[in-house]
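Data first, discussion second: the structure below is written as structure tokens.
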Amino acid sequence: MSRRPRPVLAALTLLAAAYAVSALYVLHHAPAKATGGHPPVVIRFVHWQLESGMREAFDLVARRYMALHPGVRVEQYAVPGNVYPQWLSTQLIGDDVPDLISFNSTDQSQIALLPRHFQPITRWLDEPNPYNAGTKLAGLPWRLTFIDGGRNRATYIDQFRNYYAVGLSAHSMRMFYNRDLLVAITGKDEPPRNFREWLELGRQVRAHRPGLVHVAGAHDNTLWLMPTLVNQALARWLLASDRELRFSTTSFDFYRDQLEGRWNLRSPPMQAALRIMQAFGGEMSPGFLQLHRDSAMRAFLRGEAFSIPNGTWDYPTMRALATFRIGAFSLPLPAADDPDFGAYALQPASDGGFNSAMPFYLTRRSRHPEAAIDFLRYVTSLEGNRLFSLASHWMPSVEGVEIEPELRPFRQNGSGYMVIDFQNGPMLLNGPGEEYTHLFETNLHVLYAPNGGVEAYTRALEGDFHEALVHDLQKQVHVQTENLRRRDVALAAQLHLDAGEQAEGRRQESALHLQEVQLCLMAATLARTASP
Amino acid sequence: MRSTLPPRAGPRPPGRPTRVLLAVVGVLAVAAIGRAAEPAPASAEAWQTLSLGDDTQAARQFAGIGASREAALGAALAAINRPPVTPTSLEDARRQLTELARTSDDPGHAAQYFLGRLLQLHPFAPDPAAAVRAYEALVATGADDRWCRLALIKLVLLRLTLVPGPGDLAARQAAVEGALTRTGDAGTRRDLHLVIAEARLGDERYDAVTLGHLRAALAATAPADILRPDLLIQTGRLASRLGERAVAHASYAAFLRDYPKERRTFTVSSALEHLDGPFPP
């Protein structure tokens, strides 16, 4: 009698069962016959926006699109943000990627890999969006229908001189506040108009109820908002470092000035910056540097704090959970005549210009690139973007889409001075690298300690400031040199391709020469001044 | 009917699942052999791979093309950044480039140019002065091909920043300006104006010479060029500082007309408004 060992039988049975389940699943999810008897085209897109209402908003526009195109099925995949990068890497390596991917990175090494996985979409962006036919955007190239002309750090990749994505939404950083509390405290629903009024409001908040905190601070939120506040408050001074006269001071410009002895931590503008940081942090919850943003959010939603600095991406969640009315304002700058804080601001200040957010990229492996692009066209048409904005409570990315009244305070302000390079501007707290950032962040407690303050913080920074700055700048020079070597070879290769690629390569070469000039100027300055 | 034979002691003949598995493996193996026998990738595909930064794959593709100077150049360029980048790998790239550079043709000039780049951008032992000598040697051939033009630009760039030439400032400036006469290519002259203007601005030489370079670069820049908004602002600001009001006005106005959604629109509007007074107000 032939007897098979039990484990083999068990394995085969398990395999057969798994096969049967898979077959049933596939049959059950088999594409319904579309019109004409053809299986529908399936477009898959993935993102990490799990905020309240986001998946429903995506579903809404997908359903509307499918109603317009019965032969297309649109599938949404929402992957939690904490595993998204790993998930995405695995999918990209495994060549099992959705057609459209939401992706955002400032990491140069990741950006360098973009062309391997994603397709340039410039040719589509130069054509009109057919879903805008009959509207005021009819006939305009698709890219020009976005609030930022379709161009920002994420959608247009400078080093590849191509558009790679379109943004579905727009965001800004705001101070969100409890409107009911503001009325109860001040008798009116008017946010403060300048920095002093904001500080005075803080005093009133604390006096209103024992234990009530003015700003629900957390490490992350503070470090997002404070550098912008400080940069705006120092714009006039920062403009003086704009050697190349672009109205666009870069980190290299600013820190070259430092290396050449034009400013130090005791320079009046730097001391004003530290005073602003001290005053700003003084309004936060005690111990805010140790708190996570979720703690801050809970304190705000429980009514234990009057306000919270946050990105507008969290508004739908706050809106869904709060039991009070929520308002928002831009943190006001010091008035020009403020003796402690106000001498260096340029007002009105811009938020940094209009920028679309939540970029979606078309993967190289997409089986239906034309259909995927068509879906993006719909979501970023006047109709599609309005639907998406209304359902998600995120601001629209398309010009002319009406912003619902409750979102209007979030609208980016582009009508103001902008004198700092948007991608590579100086940041007082984040500096040119990790040593500098570490120095400023790890000593922040000195600024806020009862026996600390601006003078104590300055002393704590001074000892290691030059060394940290030089270390980070040298590292930047090294990294940029590496990038230059890679780009050099890539552009030489481009010159061996067709005429269009050759022309593109030459255009990129010109921009690269300018980057190299800046790199060499910094290297020369470091060589002269690296030793204190 | 059930068998009454005892089980065999030797290896059991393959059962049906195993036979299916073997058949699948066989089909896959045949497919793999078939793929390996496909024609070698064309050079355009290899250059395309290299242009996307996949140096390892590009090196494989160039190796599969067969012996030619173009393929040898591709392989040498792929060797420059192929990971892991080590002193040994760079020495290998240098050796391949040196071999190619012995002949004075397009791949030879490309190799000469990249020998200079390797010296300048070497991660472990950069030697910009030696790079200057390499660029000078290539420019001295007088070929005015794309590699000589690139070498000319990099030569000027280094002379203005890391490796100043001999003589006083006037002599050094004259030497740099002289580069403009060494090429007949309009695009290269535009890039030379750009580089000279950028380096002079970086050193805060806010004078008529710098303005001349900016205006020359701007005149040679197409409306759709990504560098044009910056050039318009730079020309406007420098002209304003030098009292060239009409030039400043025209530059700012062109910027506002052509780039209404640019993030610096408000700032430029304000600068235009305050053209006759201090700015920022």
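A note on labels: chains of the structure tokens are A, B, ... as shown, every chain counts residues from 1, and ligands are counted from 1 in their shown order.
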Taking only C-alpha atoms into account, report as a PyMOL selection string which residues of chain B lie within 8 Å of chain A. chain B and resi 2-7+44+47-48+50-53+74+77-78+81+117+121+123+154+157-158+161-162+191+194-195+198-199+201-204+225+227+230-231+233-234+237-238+261-264+266-267+280
Going by DSSP on the backbone, which residues of segment 82-200 of chain A come out as strand (DSSP E or B)? List them as a PyMOL selection string. chain A and resi 100-102+118+128+141+146+156-157+162-163+165-170+173-178
Output C-alpha atoms of each residue in that selection to a file, as a short mmCIF file (atom, residue, chain, number, x, y, z; two decimals), in the first residue's frame.
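again.cif was written with the following content:
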```
data_model
loop_
_atom_site.label_atom_id
_atom_site.label_comp_id
_atom_site.auth_asym_id
_atom_site.auth_seq_id
_atom_site.Cartn_x
_atom_site.Cartn_y
_atom_site.Cartn_z
CA LEU A 100 -0.75 56.69 -9.62
CA ILE A 101 1.25 57.21 -6.46
CA SER A 102 1.20 60.03 -3.97
CA PHE A 118 7.89 57.60 -12.65
CA PRO A 128 -5.69 71.77 -22.25
CA PRO A 141 -2.62 74.34 -20.84
CA PHE A 146 -3.23 75.19 -11.01
CA TYR A 156 8.52 69.98 -11.25
CA ILE A 157 11.92 68.40 -10.72
CA ASN A 162 10.32 67.99 -16.33
CA TYR A 163 6.95 67.93 -14.67
CA ALA A 165 3.18 65.18 -10.85
CA VAL A 166 0.09 67.26 -10.25
CA GLY A 167 -1.13 68.39 -6.84
CA LEU A 168 -4.70 67.70 -5.82
CA SER A 169 -4.90 70.07 -2.90
CA ALA A 170 -3.23 73.00 -1.14
CA MET A 173 0.41 76.41 8.38
CA ARG A 174 -1.99 78.23 10.63
CA MET A 175 -2.74 78.93 14.26
CA PHE A 176 -6.05 77.13 14.86
CA TYR A 177 -8.10 78.44 17.75
CA ASN A 178 -11.25 77.83 19.75
#
```
Find the residues around Leu526 of chain A up to 9 Å (only C-alpha atoms counted), leave out those fewer than 5 positions away in its own chain, and share them as a list of chain:residue names. A:Arg256, A:Leu259, A:Val470, A:Leu473, A:Gln474, A:Leu521, A:Ser531
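Computed from the coordinates, the atom CA of Asp464 of chain A to atom CA of Thr228 of chain A distance equals 24.2 Å.
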Helix (DSSP H, G or I) residues, from DSSP on the backbone, in segment 415-481 of chain A, as a PyMOL selection string: chain A and resi 434-442+444-448+454-481
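The shell of residues at most 8 Å from Val163 of chain B, with only C-alpha atoms counted and near chain neighbours (fewer than 6 positions) removed, consists of Pro128, Ala129 and Val132 of chain B.
For Gly327 of chain A, the residues within 10 Å (counting only C-alpha atoms, excluding itself and residues fewer than 3 positions away along the chain) are A:Arg174, A:Met175, A:Phe176, A:Tyr177, A:Asn178, A:Arg179, A:Asp180, A:Leu182, A:Asp189, A:Glu190, A:Pro191, A:Ser307, A:Phe324, A:Glu406, A:Leu407, A:Pro409, A:Phe410.
Taking atom CA of Ile80 of chain B and atom CA of Ala110 of chain B as endpoints, the distance between them is 13.3 Å.
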Find the spatial neighbours of His109 of chain B, counting only C-alpha atoms, within a cut-off of 12 Å - ignore same-chain residues fewer than 4 positions away - and output them as a PyMOL selection string. chain B and resi 69-70+73+97-105+113-116+134-135+137-151
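Picture a line from atom CA of Asn424 of chain A to atom CA of Gln347 of chain A; it runs 21.6 Å.
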If you count only C-alpha atoms, which residues fall within 12 Å of segment 66-68 of chain B, apart from same-chain ones fewer than 2 positions away, as a ChimeraX atom specification? /B:39-43,60-64,70-75,100,107
